[in-house]
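The data block below is structure.cif; it holds mmCIF, C-alpha atoms.
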data_coords
loop_
_atom_site.label_atom_id
_atom_site.label_comp_id
_atom_site.auth_asym_id
_atom_site.auth_seq_id
_atom_site.Cartn_x
_atom_site.Cartn_y
_atom_site.Cartn_z
CA MET A 1 82.20 98.56 103.03
CA GLY A 2 81.54 95.49 105.21
CA GLU A 3 85.06 94.23 104.55
CA ARG A 4 86.64 97.46 105.81
CA HIS A 5 84.78 97.22 109.12
CA HIS A 6 85.60 93.51 109.47
CA GLN A 7 89.35 93.83 108.94
CA PRO A 8 90.25 95.89 112.05
CA ALA A 9 88.11 93.55 114.21
CA GLY A 10 89.96 90.56 112.74
CA MET A 11 93.33 92.20 113.37
CA ALA A 12 92.30 92.98 116.97
CA THR A 13 91.63 89.25 117.48
CA GLU A 14 95.03 88.29 116.02
CA LEU A 15 96.85 90.85 118.20
CA ALA A 16 94.96 89.59 121.28
CA LEU A 17 96.10 86.06 120.39
CA LEU A 18 99.68 87.37 119.95
CA LEU A 19 99.48 88.84 123.46
CA ALA A 20 98.10 85.54 124.82
CA LEU A 21 100.95 83.63 123.15
CA ALA A 22 103.55 86.02 124.59
CA THR A 23 102.00 85.56 128.06
CA LEU A 24 102.00 81.75 127.81
CA TRP A 25 105.59 81.63 126.53
CA GLY A 26 106.69 84.41 128.92
CA ALA A 27 105.40 82.31 131.84
CA SER A 28 107.31 79.28 130.52
CA TYR A 29 110.63 80.74 131.77
CA THR A 30 109.30 80.70 135.33
CA PHE A 31 107.88 77.17 134.92
CA ILE A 32 111.20 75.94 133.47
CA ARG A 33 113.20 77.53 136.30
CA ILE A 34 111.01 75.81 138.92
CA GLY A 35 111.03 72.55 136.93
CA VAL A 36 114.80 72.22 136.44
CA ALA A 37 115.35 72.61 140.19
CA THR A 38 114.65 68.86 140.60
CA ILE A 39 114.08 67.56 137.01
CA PRO A 40 117.08 67.53 134.60
CA PRO A 41 116.64 69.61 131.37
CA ILE A 42 116.25 66.82 128.75
CA THR A 43 113.79 64.84 130.93
CA LEU A 44 111.79 68.03 131.63
CA ILE A 45 111.48 68.87 127.91
CA ALA A 46 110.79 65.21 126.95
CA CYS A 47 107.86 65.14 129.43
CA ARG A 48 106.73 68.60 128.26
CA THR A 49 106.49 67.50 124.60
CA LEU A 50 104.92 64.08 125.37
CA ILE A 51 102.19 65.40 127.72
CA ALA A 52 101.30 68.28 125.38
CA GLY A 53 101.33 66.06 122.26
CA VAL A 54 99.06 63.41 123.82
CA LEU A 55 96.71 66.11 125.16
CA LEU A 56 96.37 67.66 121.68
CA LEU A 57 95.78 64.22 120.12
CA GLY A 58 92.92 63.66 122.57
CA ILE A 59 91.35 67.05 121.75
CA MET A 60 91.74 66.38 117.99
CA ARG A 61 90.02 62.99 118.33
CA TRP A 62 87.16 64.68 120.20
CA ARG A 63 86.91 67.32 117.44
CA GLY A 64 87.07 64.67 114.70
CA VAL A 65 90.33 66.05 113.23
CA ARG A 66 92.59 63.35 111.76
CA MET A 67 96.38 63.26 111.71
CA PRO A 68 97.96 62.94 108.23
CA VAL A 69 99.49 59.55 107.43
CA ASP A 70 101.87 60.42 104.56
CA ALA A 71 105.62 60.22 105.22
CA THR A 72 106.34 63.64 103.65
CA THR A 73 104.19 65.53 106.17
CA TRP A 74 105.68 63.59 109.10
CA ARG A 75 109.19 64.40 107.87
CA ARG A 76 108.22 68.09 107.94
CA PHE A 77 106.78 67.60 111.48
CA LEU A 78 110.11 66.06 112.55
CA PHE A 79 112.12 68.97 111.14
CA GLN A 80 109.72 71.47 112.72
CA ALA A 81 110.06 69.63 116.07
CA CYS A 82 113.86 69.97 115.99
CA LEU A 83 113.69 73.73 115.29
CA ASN A 84 110.67 74.65 117.43
CA SER A 85 111.01 72.43 120.50
CA VAL A 86 113.77 69.80 120.75
CA ILE A 87 116.83 72.05 120.26
CA PRO A 88 115.62 75.46 121.57
CA TRP A 89 113.66 74.19 124.59
CA THR A 90 116.54 71.98 125.72
CA MET A 91 118.96 74.90 125.24
CA VAL A 92 116.69 77.27 127.22
CA ALA A 93 116.19 74.71 130.04
CA TRP A 94 119.94 74.09 130.22
CA GLY A 95 120.90 77.78 129.96
CA SER A 96 118.30 78.82 132.58
CA ARG A 97 120.32 76.95 135.23
CA THR A 98 123.31 79.30 134.93
CA LEU A 99 122.23 82.55 133.24
CA ASP A 100 120.79 85.69 134.82
CA ALA A 101 117.17 86.21 133.78
CA GLY A 102 118.02 89.61 132.22
CA VAL A 103 120.72 88.27 129.90
CA ALA A 104 118.60 85.20 129.03
CA THR A 105 115.63 87.43 128.13
CA ILE A 106 117.70 89.72 125.89
CA LEU A 107 119.30 86.78 124.04
CA ASN A 108 116.12 84.76 123.66
CA SER A 109 114.11 87.76 122.43
CA THR A 110 116.29 88.10 119.32
CA ALA A 111 114.17 85.59 117.32
CA PRO A 112 112.34 88.30 115.29
CA ILE A 113 115.68 89.74 114.19
CA PHE A 114 116.91 86.36 112.93
CA THR A 115 113.52 85.82 111.24
CA PHE A 116 113.91 89.21 109.55
CA PHE A 117 117.46 88.44 108.31
CA LEU A 118 116.61 84.86 107.24
CA THR A 119 113.66 86.27 105.30
CA LEU A 120 115.90 88.90 103.73
CA ALA A 121 118.76 86.53 102.85
CA VAL A 122 117.11 83.19 102.09
CA THR A 123 113.36 82.81 101.64
CA ARG A 124 112.09 86.32 100.71
CA HIS A 125 108.55 85.01 101.31
CA GLU A 126 107.44 88.25 102.98
CA ALA A 127 108.13 91.81 101.89
CA VAL A 128 111.03 93.17 103.94
CA THR A 129 109.86 96.73 104.45
CA SER A 130 111.39 99.73 106.22
CA ARG A 131 108.55 99.40 108.75
CA LYS A 132 109.72 95.92 109.70
CA LEU A 133 113.30 97.16 109.95
CA LEU A 134 112.07 99.94 112.26
CA GLY A 135 110.24 97.27 114.26
CA VAL A 136 113.44 95.23 114.67
CA VAL A 137 115.43 98.26 115.87
CA ALA A 138 112.69 99.65 118.16
CA GLY A 139 111.98 96.24 119.69
CA MET A 140 115.62 95.53 120.52
CA ALA A 141 116.13 99.06 121.90
CA GLY A 142 113.07 98.54 124.10
CA ILE A 143 114.37 95.18 125.42
CA CYS A 144 117.72 96.75 126.39
CA LEU A 145 116.02 99.71 128.11
CA ILE A 146 113.62 97.47 130.08
CA VAL A 147 116.12 94.88 131.25
CA GLY A 148 118.79 97.50 131.82
CA VAL A 149 122.08 98.02 130.07
CA GLN A 150 123.84 96.66 133.17
CA ALA A 151 122.53 93.19 132.26
CA LEU A 152 124.88 93.24 129.27
CA SER A 153 127.90 93.51 131.58
CA GLY A 154 127.67 89.75 132.12
CA PHE A 155 128.71 89.02 128.52
CA GLY A 156 131.96 87.07 128.29
CA GLU A 157 131.19 85.03 131.41
CA GLU A 158 128.99 81.92 131.09
CA LEU A 159 129.61 82.20 127.34
CA THR A 160 128.41 78.66 126.55
CA ALA A 161 124.99 79.28 128.12
CA GLN A 162 124.70 82.61 126.26
CA ILE A 163 125.53 80.92 122.92
CA ALA A 164 122.89 78.27 123.74
CA MET A 165 120.25 81.02 124.11
CA VAL A 166 121.22 82.59 120.77
CA VAL A 167 121.09 79.16 119.06
CA ALA A 168 117.57 78.74 120.51
CA ALA A 169 116.54 82.14 119.07
CA ILE A 170 117.91 81.20 115.60
CA CYS A 171 115.98 77.89 115.79
CA TYR A 172 112.74 79.78 116.62
CA ALA A 173 113.32 82.03 113.59
CA GLY A 174 113.80 79.05 111.24
CA ALA A 175 110.75 77.30 112.74
CA ALA A 176 108.51 80.34 112.17
CA ILE A 177 109.49 80.44 108.48
CA LEU A 178 109.08 76.66 108.02
CA GLY A 179 105.75 76.78 109.87
CA ARG A 180 104.20 78.54 106.86
CA GLY A 181 104.25 75.17 105.08
CA PHE A 182 101.40 73.96 107.33
CA ARG A 183 98.89 76.64 106.33
CA ASP A 184 96.59 74.07 104.71
CA LEU A 185 96.29 72.09 107.97
CA ASP A 186 94.20 72.65 111.10
CA PRO A 187 96.54 74.49 113.57
CA MET A 188 96.31 71.56 116.02
CA VAL A 189 97.74 69.09 113.48
CA PRO A 190 101.29 70.49 113.09
CA ALA A 191 101.31 71.34 116.82
CA ALA A 192 100.52 67.73 117.82
CA GLY A 193 102.67 66.21 115.06
CA SER A 194 105.78 68.24 115.91
CA LEU A 195 105.34 67.61 119.67
CA LEU A 196 105.04 63.83 119.21
CA CYS A 197 108.12 63.84 116.97
CA GLY A 198 109.94 65.88 119.60
CA ALA A 199 108.97 63.41 122.33
CA ALA A 200 110.13 60.46 120.17
CA LEU A 201 113.57 62.11 119.82
CA LEU A 202 113.94 63.28 123.44
CA ILE A 203 112.61 60.32 125.47
CA PRO A 204 115.42 57.87 124.44
CA VAL A 205 118.08 60.54 125.13
CA SER A 206 116.49 61.26 128.53
CA LEU A 207 116.42 57.53 129.43
CA VAL A 208 120.10 57.05 128.52
CA LEU A 209 121.61 60.28 129.90
CA GLU A 210 119.42 61.25 132.86
CA ARG A 211 117.84 57.94 134.04
CA PRO A 212 114.54 59.58 135.06
CA TRP A 213 113.41 56.57 137.13
CA THR A 214 116.08 57.52 139.71
CA LEU A 215 114.76 61.09 140.15
CA GLN A 216 112.78 62.42 143.12
CA PRO A 217 111.13 65.58 141.73
CA SER A 218 109.51 68.02 144.15
CA ALA A 219 105.78 68.77 144.06
CA SER A 220 106.49 72.33 142.81
CA SER A 221 108.61 70.97 139.91
CA MET A 222 105.83 68.53 138.95
CA LEU A 223 103.19 71.29 139.04
CA ALA A 224 105.49 73.55 136.97
CA LEU A 225 105.91 70.72 134.42
CA ALA A 226 102.12 70.25 134.19
CA ALA A 227 101.54 74.01 133.65
CA LEU A 228 104.41 74.10 131.14
CA ALA A 229 102.96 71.20 129.11
CA VAL A 230 99.27 72.19 129.14
CA PHE A 231 99.38 76.00 128.89
CA SER A 232 102.83 77.05 127.63
CA THR A 233 103.05 74.18 125.11
CA ALA A 234 99.76 72.59 123.97
CA LEU A 235 97.63 75.75 124.04
CA ALA A 236 100.51 78.03 122.98
CA LEU A 237 101.43 75.97 119.89
CA VAL A 238 97.84 75.92 118.63
CA ILE A 239 97.79 79.75 118.85
CA TYR A 240 101.28 79.89 117.26
CA PHE A 241 100.34 77.91 114.11
CA ARG A 242 97.12 79.93 113.79
CA LEU A 243 99.14 83.19 113.89
CA ILE A 244 101.71 81.92 111.36
CA ARG A 245 98.77 81.70 108.92
CA THR A 246 97.33 85.13 109.74
CA LEU A 247 100.23 87.40 110.79
CA GLY A 248 103.11 85.69 108.96
CA SER A 249 106.41 84.48 110.43
CA VAL A 250 108.00 87.89 111.16
CA GLY A 251 104.83 89.15 112.87
CA THR A 252 104.40 85.97 114.93
CA THR A 253 107.96 85.94 116.26
CA ALA A 254 107.39 89.53 117.39
CA GLN A 255 105.72 87.99 120.48
CA ALA A 256 109.29 87.52 121.74
CA TYR A 257 109.34 91.30 122.33
CA LEU A 258 106.04 91.19 124.18
CA ARG A 259 107.31 88.59 126.67
CA VAL A 260 109.57 91.15 128.34
CA PRO A 261 106.97 93.84 129.22
CA ILE A 262 104.70 91.00 130.45
CA GLY A 263 107.53 89.78 132.69
CA VAL A 264 108.04 93.34 133.95
CA ALA A 265 104.30 93.73 134.64
CA VAL A 266 104.23 90.46 136.63
CA GLY A 267 107.18 91.73 138.71
CA VAL A 268 105.44 95.07 139.39
CA VAL A 269 102.07 93.53 140.31
CA PHE A 270 103.13 90.42 142.25
CA LEU A 271 106.63 91.22 143.54
CA GLY A 272 106.26 94.98 144.14
CA GLU A 273 109.16 95.85 141.81
CA GLN A 274 109.59 99.48 140.70
CA LEU A 275 109.83 100.54 137.05
CA SER A 276 112.48 103.10 136.16
CA SER A 277 111.78 105.90 133.67
CA THR A 278 114.04 104.14 131.12
CA ALA A 279 111.92 100.99 131.49
CA TRP A 280 108.76 102.95 130.64
CA ILE A 281 110.50 104.33 127.51
CA GLY A 282 111.53 100.74 126.73
CA LEU A 283 107.91 99.54 126.99
CA ALA A 284 106.89 102.25 124.49
CA CYS A 285 109.67 101.12 122.10
CA VAL A 286 108.48 97.50 122.35
CA VAL A 287 104.87 98.47 121.55
CA ILE A 288 106.06 100.50 118.53
CA GLY A 289 108.28 97.60 117.40
CA VAL A 290 105.52 95.00 117.64
CA ALA A 291 103.02 97.28 115.86
CA ALA A 292 105.48 97.96 113.02
CA MET A 293 106.18 94.23 112.56
CA THR A 294 102.62 92.90 112.88
CA ILE A 295 100.03 95.38 111.60
CA PRO A 296 100.05 95.11 107.80
CA ALA A 297 100.24 98.29 105.74
CA ARG A 298 97.13 98.91 103.61
CA ARG A 299 99.24 99.16 100.46
CA ALA A 300 100.99 95.86 101.21
CA LEU A 301 97.63 94.17 101.69
CA GLU A 302 96.32 95.52 98.38
CA GLY A 303 99.51 94.37 96.63
CA ALA A 304 99.16 90.85 98.08
CA ALA A 305 95.55 90.65 96.91
#

With the file now loaded, output its structure as structure tokens.
Amino acid sequence: MGERHHQPAGMATELALLLALATLWGASYTFIRIGVATIPPITLIACRTLIAGVLLLGIMRWRGVRMPVDATTWRRFLFQACLNSVIPWTMVAWGSRTLDAGVATILNSTAPIFTFFLTLAVTRHEAVTSRKLLGVVAGMAGICLIVGVQALSGFGEELTAQIAMVVAAICYAGAAILGRGFRDLDPMVPAAGSLLCGAALLIPVSLVLERPWTLQPSASSMLALAALAVFSTALALVIYFRLIRTLGSVGTTAQAYLRVPIGVAVGVVFLGEQLSSTAWIGLACVVIGVAAMTIPARRALEGAA
């Protein structure tokens, strides 16, 4: 009996963390846009990964958590870094300079769909149910209704930036599936390890291509970089690896859907924007989509046990 009461409470915690992750990563688009105004994309992401990685190392030392020393784990950290930060974050930072926010949001929120299809075609590590398929369809329908179908009229122009956003979404999908391999580690360990690997890859490229010592970043760009590193990276990745263990990869990437209603809510509250009736229907679709992809069916849970 006790277990039955405990389970919904546990799921409520995981869904609250999913919402927190969506908020932190939803805010990252604003931080990146302010950051790239005076800091070039590779340098911005190199600093983002280095600051966040060092911060997590400090917290781990304080907690008494050790980093692994074997080469195999570090190779996995390196691969995870490429898929979860180095490639997608650079693509998003670069694409954010030229793309409309609406188109960028639609393209970057497709990660759960790629996770679903990669799961179906390659790994088959999670049951691909009709509920998850419903979640994929409802979530994407909701995104299109919220952002507005007119946002899609930009397709064809700025094609390179649009492809970059899709590549980033595919990378996120692959990273979520690979992230399951770190279930035996404290969530901070793969977060710090992958960030440090990412920094090691990006810093030399930044030094060669963008010569950061010649830059004169504005105060707002520096503040945006600090917020991006501490909140949208260090804190967000700890939550992310925790959720990979509890909700699975398809459920965790569903936060991509949640980023859009959060962005809409910020616009309504702080910028006085109006929500159309189609946007409200879209919000309902997103909630249905996330619920279908994250809340496990009782039968599925019994089968797994």

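Using all atoms listed in the file, the nearest neighbour of Thr90 (chain A) within the list A:Ser109, A:Arg33, A:Leu247, A:Leu202 is A:Leu202.
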
task = Have a look at A:Met91, A:Gly251, A:Tyr172, A:Trp74 and name the one nearest to Phe114 (chain A); count only C-alpha atoms.
result =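 Checking each of A:Met91, A:Gly251, A:Tyr172, A:Trp74 against Phe114 (chain A), counting only C-alpha atoms, the winner is A:Tyr172.
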
If we count only C-alpha atoms and set the cut-off at 10 Å, which residues sit around region 173-187 of chain A, ignoring sequence neighbours fewer than 3 positions away in its own chain? Please answer as a compact mmCIF listing (two decimals) with C-alpha atoms, in the coordinates of the input.
# COMPACT_ATOMS: atom_id res chain seq x y z
CA MET A 60 91.74 66.38 117.99
CA VAL A 65 90.33 66.05 113.23
CA ARG A 66 92.59 63.35 111.76
CA MET A 67 96.38 63.26 111.71
CA PRO A 68 97.96 62.94 108.23
CA THR A 73 104.19 65.53 106.17
CA ARG A 76 108.22 68.09 107.94
CA PHE A 77 106.78 67.60 111.48
CA PHE A 79 112.12 68.97 111.14
CA GLN A 80 109.72 71.47 112.72
CA ALA A 81 110.06 69.63 116.07
CA CYS A 82 113.86 69.97 115.99
CA LEU A 83 113.69 73.73 115.29
CA ASN A 84 110.67 74.65 117.43
CA SER A 85 111.01 72.43 120.50
CA THR A 110 116.29 88.10 119.32
CA ALA A 111 114.17 85.59 117.32
CA PRO A 112 112.34 88.30 115.29
CA ILE A 113 115.68 89.74 114.19
CA PHE A 114 116.91 86.36 112.93
CA THR A 115 113.52 85.82 111.24
CA PHE A 116 113.91 89.21 109.55
CA PHE A 117 117.46 88.44 108.31
CA LEU A 118 116.61 84.86 107.24
CA THR A 119 113.66 86.27 105.30
CA THR A 123 113.36 82.81 101.64
CA HIS A 125 108.55 85.01 101.31
CA GLU A 126 107.44 88.25 102.98
CA VAL A 167 121.09 79.16 119.06
CA ALA A 168 117.57 78.74 120.51
CA ALA A 169 116.54 82.14 119.07
CA ILE A 170 117.91 81.20 115.60
CA PRO A 190 101.29 70.49 113.09
CA ALA A 191 101.31 71.34 116.82
CA ALA A 192 100.52 67.73 117.82
CA LEU A 237 101.43 75.97 119.89
CA VAL A 238 97.84 75.92 118.63
CA ILE A 239 97.79 79.75 118.85
CA TYR A 240 101.28 79.89 117.26
CA PHE A 241 100.34 77.91 114.11
CA ARG A 242 97.12 79.93 113.79
CA LEU A 243 99.14 83.19 113.89
CA ILE A 244 101.71 81.92 111.36
CA ARG A 245 98.77 81.70 108.92
CA THR A 246 97.33 85.13 109.74
CA GLY A 248 103.11 85.69 108.96
CA SER A 249 106.41 84.48 110.43
CA VAL A 250 108.00 87.89 111.16
CA GLY A 251 104.83 89.15 112.87
CA THR A 252 104.40 85.97 114.93
CA THR A 253 107.96 85.94 116.26

request  = Please return, as a PyMOL selection string, all polymer residues that have at least one atom within 12 Å of the point (101.1, 73.8, 135.8); use all atoms listed in the file and the file's own coordinate frame.
outcome  = chain A and resi 24+27-28+30-32+34-35+48+51-52+219-234

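Minimum distance to Ala236 (chain A) across A:Ala12, A:Ala279, A:Leu17, A:Ile203 (counting only C-alpha atoms) occurs at A:Leu17.
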
query = Nearest to Val166 (chain A) among A:Pro41, A:Pro261, A:Gly26, A:Pro88, with distances taken over all atoms listed in the file: which residue is it?
reply = A:Pro88

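Our summary of the geometry notes that CA of Val286 (chain A) is positioned 12.7 Å from CA of Ala22 (chain A).
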
request  = Calculate how many Å separate CA of Trp89 (chain A) from CA of Ile59 (chain A), rounding to one decimal.
outcome  =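 We find that CA of Trp89 (chain A) and CA of Ile59 (chain A) lie 23.6 Å from each other.
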